[in-house]
Amino acid sequence: MLKTINLHKKYNDFTALRSLNLEIQEGEIFALLGQNGAGKSTTINILLGLIQSTSGDAFINNISVKKEPQKIKKHLAYIPETVLLYPNLTGIENLDFFSKIAGFTYSKKELSELLQRTGLQEAAHDKLLGGYSKGMRQKVGIAIALAKDAKVLLLDEPTSGLDPIATAEFTEIIRELGEEGRTILMATHDIFNAASVATNIGIMRQGELVQNVPSKAFSAEELQELYLKTI
Amino acid sequence: MKHYLYKQFYRNKAYLICLILLFLAGLSSLYTGKKFLDKNEDIINKSARYQKESLEKNIAAHSDNLGLLLYYVKFNLVNKTPKLSALNIGLRDLKPSIQGVTIRNLEEQKNNSDFFNPANAAVGNFDFTFVLVFLFPLVIIAFCFNLISEDQEKGTWKLLSVQSTNLLKLTDMKILIRCIVIIALYFLLLIIAALFVKIPVDMPFIIFIISGLLYILFWFVLCRWIISFQKSSASNALTLIIFWIGMNFITPMTGNMIIQKIYPVNEGMKAQIEQREGYHNKWDEAKAPTMQKFYQIYPQFSKYKVDENISSSYVWYYAMQHLGDVESHESSEQYHTKMQSRNDAAVYLGYLFPTIHTQLVHSQLAKTGMENQLQYAEGLRTFHEKQRLFFYPYIFSQQNADVIDWSKQTVKSFSDAEKVNLLQVIIPYFIIITLLTILSQQKFGKLC
């Protein structure tokens with residue numbers, strides 16, 4: 001479960017986030033839409049514990065992000081917009097490395113299965129990451145998140161730069177994870193993708209959550225209209 | 001996880017190239033040191049033969065005139081050169097390891113030395129200490145300057161921060177891997193040195209190793225502190241290079257200037273002039289005052305009288321020579337004291353700067369530093385005095401060369417008995433390493 005209570009972030013005179021109140025239950029996929037600078041990434045970075053909020057707090061599975069930033073790491077996984085890994089390690093080695101630093105040890109077979117689940121071809125597993133495409137790196141990033149077996153997933157523009165097939169594969173994985181009961185917060189520009197996979201949609205404008213609607217209540221076109229009207 | 005950190009390390013070709021270059025530099029320094037040692041040993045071995053030949057030649061020519069014979073004959077005193085000096089040549093390339101003196105005025109002879117090639121009087125030698133003090137830190141900087149910033153700049157830091165609950169441990173592990181590699185290279189070079197140069201594994205060598213090890217650790221801890229500020233790679237590299245330049249060049253040069261200012265040493269020249277005047281002027285003075293002074297110093301020779309009207313007398317001649325030393329003695333002592341003070345000041349400065357401390361410790365252990373030179377100078381004085389007092393009775397009683405057992409007049413050795421205080425070596429390193437560790441821990445507390 002993920003919850004924010006009056007989450008506020010200010011940089012000198014600039015307010016990046018205004019009293020954000022959000023609650024995402026298990027099994028829910030929440031898509032956060034908004035223009036660049038609306039506060040989507042700031043929200044995610046605060047939830048990750050990478051930056052501190054000015055006031056308010058956030059909770060991951062009832063653990064305070066402000067008070068116990070190290071403890072929440074065990075409960076969440078993160079897929080950035082651009083998955084940057086180590087080019088002089090192979091795909092499977094990167095997965096193993098990032099799993100181990102999170103405290104998880106898998107056999108080579110298990111690691112391979114994780115990568116296959118994301119759609120990464122077996123032939124690519126033992127190739128150095130320096131030769132991977134963006135989509136392939138993204139898949140390793142997903143595998144790293146899966147390997148952590150975290151209940152809460154934070155995704156920051158995860159389909160940015162992916163081709164339609166890769167986007168579709170990714171969307172399917174997210175849907176599966178949602179059905180497994182995980183709590184997913186996804187910041188995105190892709191309204192249509194959000195409409196197809198999310199259970200709830202939030203629209204942010206100038207640091208404020210101005211709309212919070214169930215996605216089933218709108219078609220993709222209606223959602224687009226609502227988005228354009230809101231921002 | 002550790003083996004991936006190793007993989008990331010050794011798959012980086014730039015790191016391997018650095019290590020290879022450092023290893024080659026180390027080998028080159030060992031070769032330089034061995035060459036120096038071999039040359040030194042060759043000279044010392046030849047000196048025994050030359051001294052014997054010189055003795056035989058002069059005995060043949062002046063056997064009935066001992067005073068004249070001993071005017072010419074030089075007796076050599078070797079400043080024992082330990083094998084460890086191959087790793088730290090120090091002052092041994094500029095100052096001779098062997099000096100020959102007649103029983104005449106010592107002060108004049110002390111500063112006599114053969115002409116040397118000024119190209120050899122370079123700023124430091126490319127010995128092992130040079131490689132350790134100057135080159136090892138550069139490689140350590142290259143390995144460590146971007147341990148955090150590289151991940152931040154390449155974007156992997158965010159994922160690392162999310163995945164890991166202990167980024168400090170991860171960073172320290174990376175540092176540890178690099179430290180192990182550098183220390184392994186260090187020991188490899190020392191093993192090669194021990195075998196190639198045949199350095200005995202005695203206490204000085206062990207302290208030499210420990211000192212080098214602590215110096216390496218200092219640089220790793222310094223790097224750890226600088227990267228804890230989490231600045232950019234360029235900023236870290238620049239800061240560390242500034243430290244390197246500051247500690248290796250600016251501080252020693254500035255320190256040297258200040259020390260020379262605080263302890264100006266004019267007594268060397270003064271002693272030279274005093275001994276020269278103290279001896280040469282006596283030719284124009286009455287003999288009685290000269291002999292009176294001489295007898296006061298050596299009452300045992302007062303039975304050897306000198307007639308005022310006699311044109312030449314070896315008793316008077318050697319008394320004049322001796323008084324040249326007597327009259328320059330105070331200046332000579334002051335020179336010695338001030339040079340010692342300069343050396344002590346450098347040692348105290350070294351307590352604050354590991355670069356200086358390491359060089360001084362190594363030269364002290366290898367008997368190649370100023371301390372050894374000053375001890376050798378004292379040893380030469382003692383040796384010279386002993387030779388004088390041995391030959392004076394024979395000369396003064398006008399005996400010939402046959403009465404002396406010349407086979408006993410072999411090349412003698414001086415050994416610097418100075419013991420190195422292990423605590424004095426180690427404590428300065430520990431203080432600065434501990435301080436930097438505490439400072440970096442404070443900074444690392446903010447590590448996400």
# chains A, B, ... in the order shown; residues from 1 in each chain; ligands from 1

call {"tool": "closest_atom_pairs", "arguments": {"of": "chain A", "to": "chain B", "cutoff": "7 Å", "atoms": "only C-alpha atoms", "output": "Markdown table"}}
result
| residue | atom | partner | partner_atom | distance |
| --- | --- | --- | --- | --- |
| A:Leu48 | CA | B:Val162 | CA | 6.6 |
| A:Leu50 | CA | B:Cys448 | CA | 6.6 |
| A:Gln70 | CA | B:Thr165 | CA | 5.6 |
| A:Lys73 | CA | B:Val162 | CA | 6.0 |
| A:Leu84 | CA | B:Thr156 | CA | 5.3 |
| A:Leu85 | CA | B:Thr156 | CA | 5.7 |
| A:Asn88 | CA | B:Gln8 | CA | 6.4 |
| A:Leu89 | CA | B:Gln8 | CA | 7.0 |
| A:Phe97 | CA | B:Met1 | CA | 5.6 |
| A:Phe98 | CA | B:Gln163 | CA | 6.7 |
| A:Lys100 | CA | B:Met1 | CA | 5.8 |
| A:Ile101 | CA | B:Ser164 | CA | 5.4 |
| A:Ala102 | CA | B:Gln163 | CA | 4.8 |

call {"tool": "write_last_selection", "arguments": {"atoms": "N, CA, C and O atoms", "output": "PDB file, in the first residue's frame"}}
result
ATOM      1  N   LEU A  48      10.984   7.363  -3.037  1.00  0.00           N
ATOM      2  CA  LEU A  48      12.182   6.521  -3.057  1.00  0.00           C
ATOM      3  C   LEU A  48      13.147   6.883  -1.929  1.00  0.00           C
ATOM      4  O   LEU A  48      14.109   6.155  -1.683  1.00  0.00           O
ATOM      5  N   LEU A  50      15.011   9.533  -2.073  1.00  0.00           N
ATOM      6  CA  LEU A  50      16.172  10.199  -2.674  1.00  0.00           C
ATOM      7  C   LEU A  50      16.205  11.673  -2.329  1.00  0.00           C
ATOM      8  O   LEU A  50      17.276  12.278  -2.289  1.00  0.00           O
ATOM      9  N   GLN A  70      15.622   4.010   5.003  1.00  0.00           N
ATOM     10  CA  GLN A  70      16.361   2.802   4.628  1.00  0.00           C
ATOM     11  C   GLN A  70      15.429   1.577   4.638  1.00  0.00           C
ATOM     12  O   GLN A  70      15.552   0.692   3.800  1.00  0.00           O
ATOM     13  N   LYS A  73      13.194   0.735   1.530  1.00  0.00           N
ATOM     14  CA  LYS A  73      13.833   0.232   0.306  1.00  0.00           C
ATOM     15  C   LYS A  73      13.542  -1.242   0.096  1.00  0.00           C
ATOM     16  O   LYS A  73      13.506  -1.724  -1.031  1.00  0.00           O
ATOM     17  N   LEU A  84      19.866   2.702 -16.592  1.00  0.00           N
ATOM     18  CA  LEU A  84      21.315   2.799 -16.802  1.00  0.00           C
ATOM     19  C   LEU A  84      22.003   1.775 -15.915  1.00  0.00           C
ATOM     20  O   LEU A  84      21.867   1.813 -14.690  1.00  0.00           O
ATOM     21  N   LEU A  85      22.691   0.868 -16.543  1.00  0.00           N
ATOM     22  CA  LEU A  85      23.352  -0.216 -15.812  1.00  0.00           C
ATOM     23  C   LEU A  85      24.835  -0.219 -16.181  1.00  0.00           C
ATOM     24  O   LEU A  85      25.318   0.729 -16.798  1.00  0.00           O
ATOM     25  N   ASN A  88      30.026  -2.923 -18.708  1.00  0.00           N
ATOM     26  CA  ASN A  88      31.033  -3.990 -18.770  1.00  0.00           C
ATOM     27  C   ASN A  88      30.620  -5.241 -17.996  1.00  0.00           C
ATOM     28  O   ASN A  88      31.436  -6.117 -17.725  1.00  0.00           O
ATOM     29  N   LEU A  89      29.345  -5.298 -17.671  1.00  0.00           N
ATOM     30  CA  LEU A  89      28.773  -6.558 -17.165  1.00  0.00           C
ATOM     31  C   LEU A  89      27.706  -7.001 -18.150  1.00  0.00           C
ATOM     32  O   LEU A  89      27.126  -6.172 -18.851  1.00  0.00           O
ATOM     33  N   PHE A  97      23.933  -8.733  -9.946  1.00  0.00           N
ATOM     34  CA  PHE A  97      24.583  -7.726  -9.099  1.00  0.00           C
ATOM     35  C   PHE A  97      23.560  -6.887  -8.345  1.00  0.00           C
ATOM     36  O   PHE A  97      23.618  -6.746  -7.118  1.00  0.00           O
ATOM     37  N   PHE A  98      22.588  -6.360  -9.082  1.00  0.00           N
ATOM     38  CA  PHE A  98      21.610  -5.489  -8.430  1.00  0.00           C
ATOM     39  C   PHE A  98      20.695  -6.279  -7.487  1.00  0.00           C
ATOM     40  O   PHE A  98      20.199  -5.728  -6.506  1.00  0.00           O
ATOM     41  N   LYS A 100      21.769  -8.879  -5.755  1.00  0.00           N
ATOM     42  CA  LYS A 100      22.593  -9.178  -4.572  1.00  0.00           C
ATOM     43  C   LYS A 100      22.698  -7.965  -3.669  1.00  0.00           C
ATOM     44  O   LYS A 100      22.685  -8.110  -2.449  1.00  0.00           O
ATOM     45  N   ILE A 101      22.858  -6.784  -4.247  1.00  0.00           N
ATOM     46  CA  ILE A 101      22.962  -5.627  -3.354  1.00  0.00           C
ATOM     47  C   ILE A 101      21.644  -5.331  -2.650  1.00  0.00           C
ATOM     48  O   ILE A 101      21.618  -4.667  -1.634  1.00  0.00           O
ATOM     49  N   ALA A 102      20.551  -5.871  -3.233  1.00  0.00           N
ATOM     50  CA  ALA A 102      19.266  -5.734  -2.542  1.00  0.00           C
ATOM     51  C   ALA A 102      19.068  -6.866  -1.548  1.00  0.00           C
ATOM     52  O   ALA A 102      18.057  -6.915  -0.840  1.00  0.00           O
TER      53      ALA A 102
END

call {"tool": "select_by_dssp", "arguments": {"residues": "stretch 141-283 of chain B", "states": "helix (DSSP H, G or I)", "output": "ChimeraX atom specification"}}
result
/B:141-144,149-154,156-163,167-197,203-227,233-262,267-283

call {"tool": "write_last_selection", "arguments": {"atoms": "C-alpha atoms", "output": "short mmCIF file (atom, residue, chain, number, x, y, z; two decimals), in the first residue's frame"}}
result
data_model
loop_
_atom_site.label_atom_id
_atom_site.label_comp_id
_atom_site.auth_asym_id
_atom_site.auth_seq_id
_atom_site.Cartn_x
_atom_site.Cartn_y
_atom_site.Cartn_z
CA ILE B 141 43.78 8.69 -7.52
CA ALA B 142 42.98 7.29 -10.97
CA PHE B 143 41.27 4.29 -9.34
CA CYS B 144 39.29 6.17 -6.72
CA SER B 149 30.61 10.39 -9.05
CA GLU B 150 30.88 7.96 -11.96
CA ASP B 151 27.70 6.19 -10.86
CA GLN B 152 26.02 9.56 -10.33
CA GLU B 153 27.12 10.89 -13.69
CA LYS B 154 26.29 7.73 -15.58
CA THR B 156 23.40 4.08 -12.12
CA TRP B 157 23.45 5.82 -8.74
CA LYS B 158 19.69 6.15 -8.51
CA LEU B 159 19.12 2.43 -8.97
CA LEU B 160 21.97 1.64 -6.58
CA SER B 161 20.43 3.95 -3.98
CA VAL B 162 17.09 2.22 -4.28
CA GLN B 163 18.46 -1.31 -4.28
CA LEU B 167 25.75 2.47 -0.08
CA LEU B 168 28.69 3.21 2.18
CA LYS B 169 29.48 -0.49 2.41
CA LEU B 170 29.30 -0.73 -1.37
CA THR B 171 31.66 2.23 -1.79
CA ASP B 172 34.05 0.85 0.81
CA MET B 173 34.06 -2.50 -0.93
CA LYS B 174 35.06 -0.82 -4.17
CA ILE B 175 37.86 0.98 -2.33
CA LEU B 176 38.92 -2.26 -0.67
CA ILE B 177 39.22 -4.05 -4.01
CA ARG B 178 41.43 -1.30 -5.38
CA CYS B 179 43.45 -1.27 -2.20
CA ILE B 180 44.02 -5.02 -2.36
CA VAL B 181 45.19 -4.75 -5.96
CA ILE B 182 47.61 -1.91 -5.25
CA ILE B 183 48.98 -3.60 -2.13
CA ALA B 184 49.38 -6.84 -4.06
CA LEU B 185 51.41 -4.97 -6.68
CA TYR B 186 53.43 -3.31 -3.93
CA PHE B 187 54.29 -6.65 -2.35
CA LEU B 188 55.04 -8.20 -5.72
CA LEU B 189 57.59 -5.47 -6.40
CA LEU B 190 59.11 -5.91 -2.94
CA ILE B 191 59.40 -9.67 -3.41
CA ILE B 192 61.15 -9.09 -6.73
CA ALA B 193 63.36 -6.52 -5.02
CA ALA B 194 64.25 -8.92 -2.22
CA LEU B 195 65.18 -11.64 -4.70
CA PHE B 196 66.84 -9.46 -7.34
CA VAL B 197 68.81 -7.24 -4.98
CA MET B 203 63.91 -5.26 10.85
CA PRO B 204 64.79 -2.24 8.66
CA PHE B 205 63.27 -3.96 5.63
CA ILE B 206 60.13 -4.89 7.56
CA ILE B 207 59.72 -1.31 8.81
CA PHE B 208 60.36 -0.10 5.24
CA ILE B 209 57.49 -2.33 4.05
CA ILE B 210 55.15 -1.21 6.84
CA SER B 211 55.90 2.44 6.15
CA GLY B 212 55.13 2.02 2.45
CA LEU B 213 51.94 0.15 3.25
CA LEU B 214 50.72 2.89 5.58
CA TYR B 215 51.57 5.49 2.95
CA ILE B 216 49.41 3.63 0.42
CA LEU B 217 46.57 3.43 2.97
CA PHE B 218 46.88 7.16 3.58
CA TRP B 219 46.22 7.90 -0.08
CA PHE B 220 43.22 5.59 -0.16
CA VAL B 221 41.76 7.23 2.92
CA LEU B 222 42.43 10.68 1.46
CA CYS B 223 40.59 9.65 -1.71
CA ARG B 224 37.75 8.30 0.44
CA TRP B 225 37.44 11.65 2.18
CA ILE B 226 37.45 13.66 -1.04
CA ILE B 227 34.83 11.48 -2.74
CA SER B 233 34.51 13.42 -11.14
CA ALA B 234 36.38 16.40 -12.57
CA SER B 235 36.23 18.23 -9.26
CA ASN B 236 37.46 15.19 -7.32
CA ALA B 237 40.31 14.57 -9.75
CA LEU B 238 41.40 18.19 -9.60
CA THR B 239 41.27 18.28 -5.81
CA LEU B 240 43.30 15.12 -5.47
CA ILE B 241 45.89 16.26 -8.00
CA ILE B 242 46.21 19.52 -6.10
CA PHE B 243 46.85 17.51 -2.93
CA TRP B 244 49.46 15.44 -4.80
CA ILE B 245 51.25 18.50 -6.13
CA GLY B 246 50.99 20.25 -2.80
CA MET B 247 52.41 17.40 -0.78
CA ASN B 248 55.05 16.25 -3.23
CA PHE B 249 56.36 19.55 -4.47
CA ILE B 250 55.06 22.71 -2.92
CA THR B 251 55.30 21.65 0.71
CA PRO B 252 58.79 20.13 0.50
CA MET B 253 60.14 23.09 -1.50
CA THR B 254 58.53 25.67 0.73
CA GLY B 255 59.50 23.74 3.83
CA ASN B 256 63.08 23.53 2.62
CA MET B 257 63.19 27.28 2.02
CA ILE B 258 61.80 28.02 5.46
CA ILE B 259 64.16 25.59 7.16
CA GLN B 260 67.13 27.09 5.37
CA LYS B 261 65.98 30.53 6.46
CA ILE B 262 65.61 29.46 10.09
CA GLU B 267 79.72 27.58 9.07
CA GLY B 268 80.78 25.25 6.30
CA MET B 269 82.63 28.01 4.50
CA LYS B 270 83.73 29.53 7.78
CA ALA B 271 85.30 26.25 8.90
CA GLN B 272 87.11 25.94 5.60
CA ILE B 273 88.62 29.38 5.95
CA GLU B 274 89.50 28.90 9.60
CA GLN B 275 91.27 25.61 8.99
CA ARG B 276 93.13 27.07 6.06
CA GLU B 277 94.30 30.09 8.00
CA GLY B 278 94.82 28.00 11.11
CA TYR B 279 97.31 25.85 9.23
CA HIS B 280 98.92 28.11 6.64
CA ASN B 281 99.54 31.09 8.93
CA LYS B 282 101.59 28.92 11.25
CA TRP B 283 104.34 28.73 8.63
#

call {"tool": "residues_around", "arguments": {"residues": "A:Gln121", "least_positions_apart": "6", "cutoff": "12 Å", "atoms": "only C-alpha atoms", "output": "PyMOL selection string"}}
result
chain A and resi 91-92+112-115+127+132+135-137+139-140

call {"tool": "select_by_dssp", "arguments": {"residues": "stretch 2-215 of chain A", "states": "strand (DSSP E or B)", "output": "VMD selection string"}}
result
chain A and resid 2 to 11 14 to 24 29 to 34 55 to 60 63 to 64 76 to 79 90 128 152 to 156 183 to 187 200 to 205 208 to 214

call {"tool": "residues_around", "arguments": {"residues": "A:Gly49", "least_positions_apart": "3", "cutoff": "7 Å", "atoms": "only C-alpha atoms", "output": "ChimeraX atom specification"}}
result
/A:45-46,52,65,69

call {"tool": "atom_distance", "arguments": {"atom1": "atom CA of B:Ala86", "atom2": "atom CA of B:Ile199"}}
result
8.8 Å

call {"tool": "atom_distance", "arguments": {"atom1": "atom CA of A:Tyr106", "atom2": "atom CA of A:Arg182"}}
result
21.2 Å

call {"tool": "residues_around", "arguments": {"residues": "A:Gly34", "least_positions_apart": "2", "cutoff": "6 Å", "atoms": "only C-alpha atoms", "output": "mmCIF file with all heavy atoms, in the first residue's frame"}}
result
data_model
loop_
_atom_site.group_PDB
_atom_site.id
_atom_site.type_symbol
_atom_site.label_atom_id
_atom_site.label_comp_id
_atom_site.auth_asym_id
_atom_site.auth_seq_id
_atom_site.Cartn_x
_atom_site.Cartn_y
_atom_site.Cartn_z
ATOM 1 N N ALA A 38 5.460 19.074 -13.625
ATOM 2 C CA ALA A 38 4.208 19.061 -12.853
ATOM 3 C C ALA A 38 4.423 18.526 -11.447
ATOM 4 O O ALA A 38 3.627 18.803 -10.557
ATOM 5 C CB ALA A 38 3.171 18.230 -13.590
ATOM 6 N N ILE A 203 -4.038 13.399 -12.432
ATOM 7 C CA ILE A 203 -3.440 14.426 -13.304
ATOM 8 C C ILE A 203 -2.855 15.507 -12.407
ATOM 9 O O ILE A 203 -3.546 16.064 -11.531
ATOM 10 C CB ILE A 203 -4.486 15.034 -14.272
ATOM 11 C CG1 ILE A 203 -5.088 13.927 -15.128
ATOM 12 C CG2 ILE A 203 -3.823 16.096 -15.162
ATOM 13 C CD1 ILE A 203 -6.231 14.400 -16.022
ATOM 14 N N MET A 204 -1.590 15.792 -12.632
ATOM 15 C CA MET A 204 -0.917 16.809 -11.816
ATOM 16 C C MET A 204 -0.692 18.074 -12.631
ATOM 17 O O MET A 204 -0.423 18.011 -13.842
ATOM 18 C CB MET A 204 0.435 16.290 -11.326
ATOM 19 C CG MET A 204 0.295 15.232 -10.243
ATOM 20 S SD MET A 204 1.864 14.838 -9.477
ATOM 21 C CE MET A 204 2.043 16.191 -8.347
#

call {"tool": "atom_distance", "arguments": {"atom1": "atom CA of B:Ile59", "atom2": "atom CA of B:Ala401"}}
result
6.6 Å

call {"tool": "closest_residue", "arguments": {"among": "A:Asn212, A:Ser133, A:Ala195, A:Pro158", "to": "A:Glu23", "atoms": "only C-alpha atoms"}}
result
A:Asn212

call {"tool": "residues_around", "arguments": {"residues": "stretch 299-310 of chain B", "least_positions_apart": "5", "cutoff": "10 Å", "atoms": "only C-alpha atoms", "output": "ChimeraX atom specification"}}
result
/B:286-288,291-294,315-316,389,392-393,396-397

call {"tool": "residues_around", "arguments": {"residues": "A:Leu2", "least_positions_apart": "3", "cutoff": "10 Å", "atoms": "only C-alpha atoms", "output": "PyMOL selection string"}}
result
chain A and resi 22-26+28+47+58-63+76+151-153+183-185

call {"tool": "closest_residue", "arguments": {"among": "A:Thr42, A:Gln224, A:Thr118, A:Ser215", "to": "A:Thr199", "atoms": "only C-alpha atoms"}}
result
A:Ser215

call {"tool": "closest_residue", "arguments": {"among": "B:Phe383, B:Phe353, B:Phe134, B:Phe390", "to": "B:Phe75", "atoms": "only C-alpha atoms"}}
result
B:Phe383
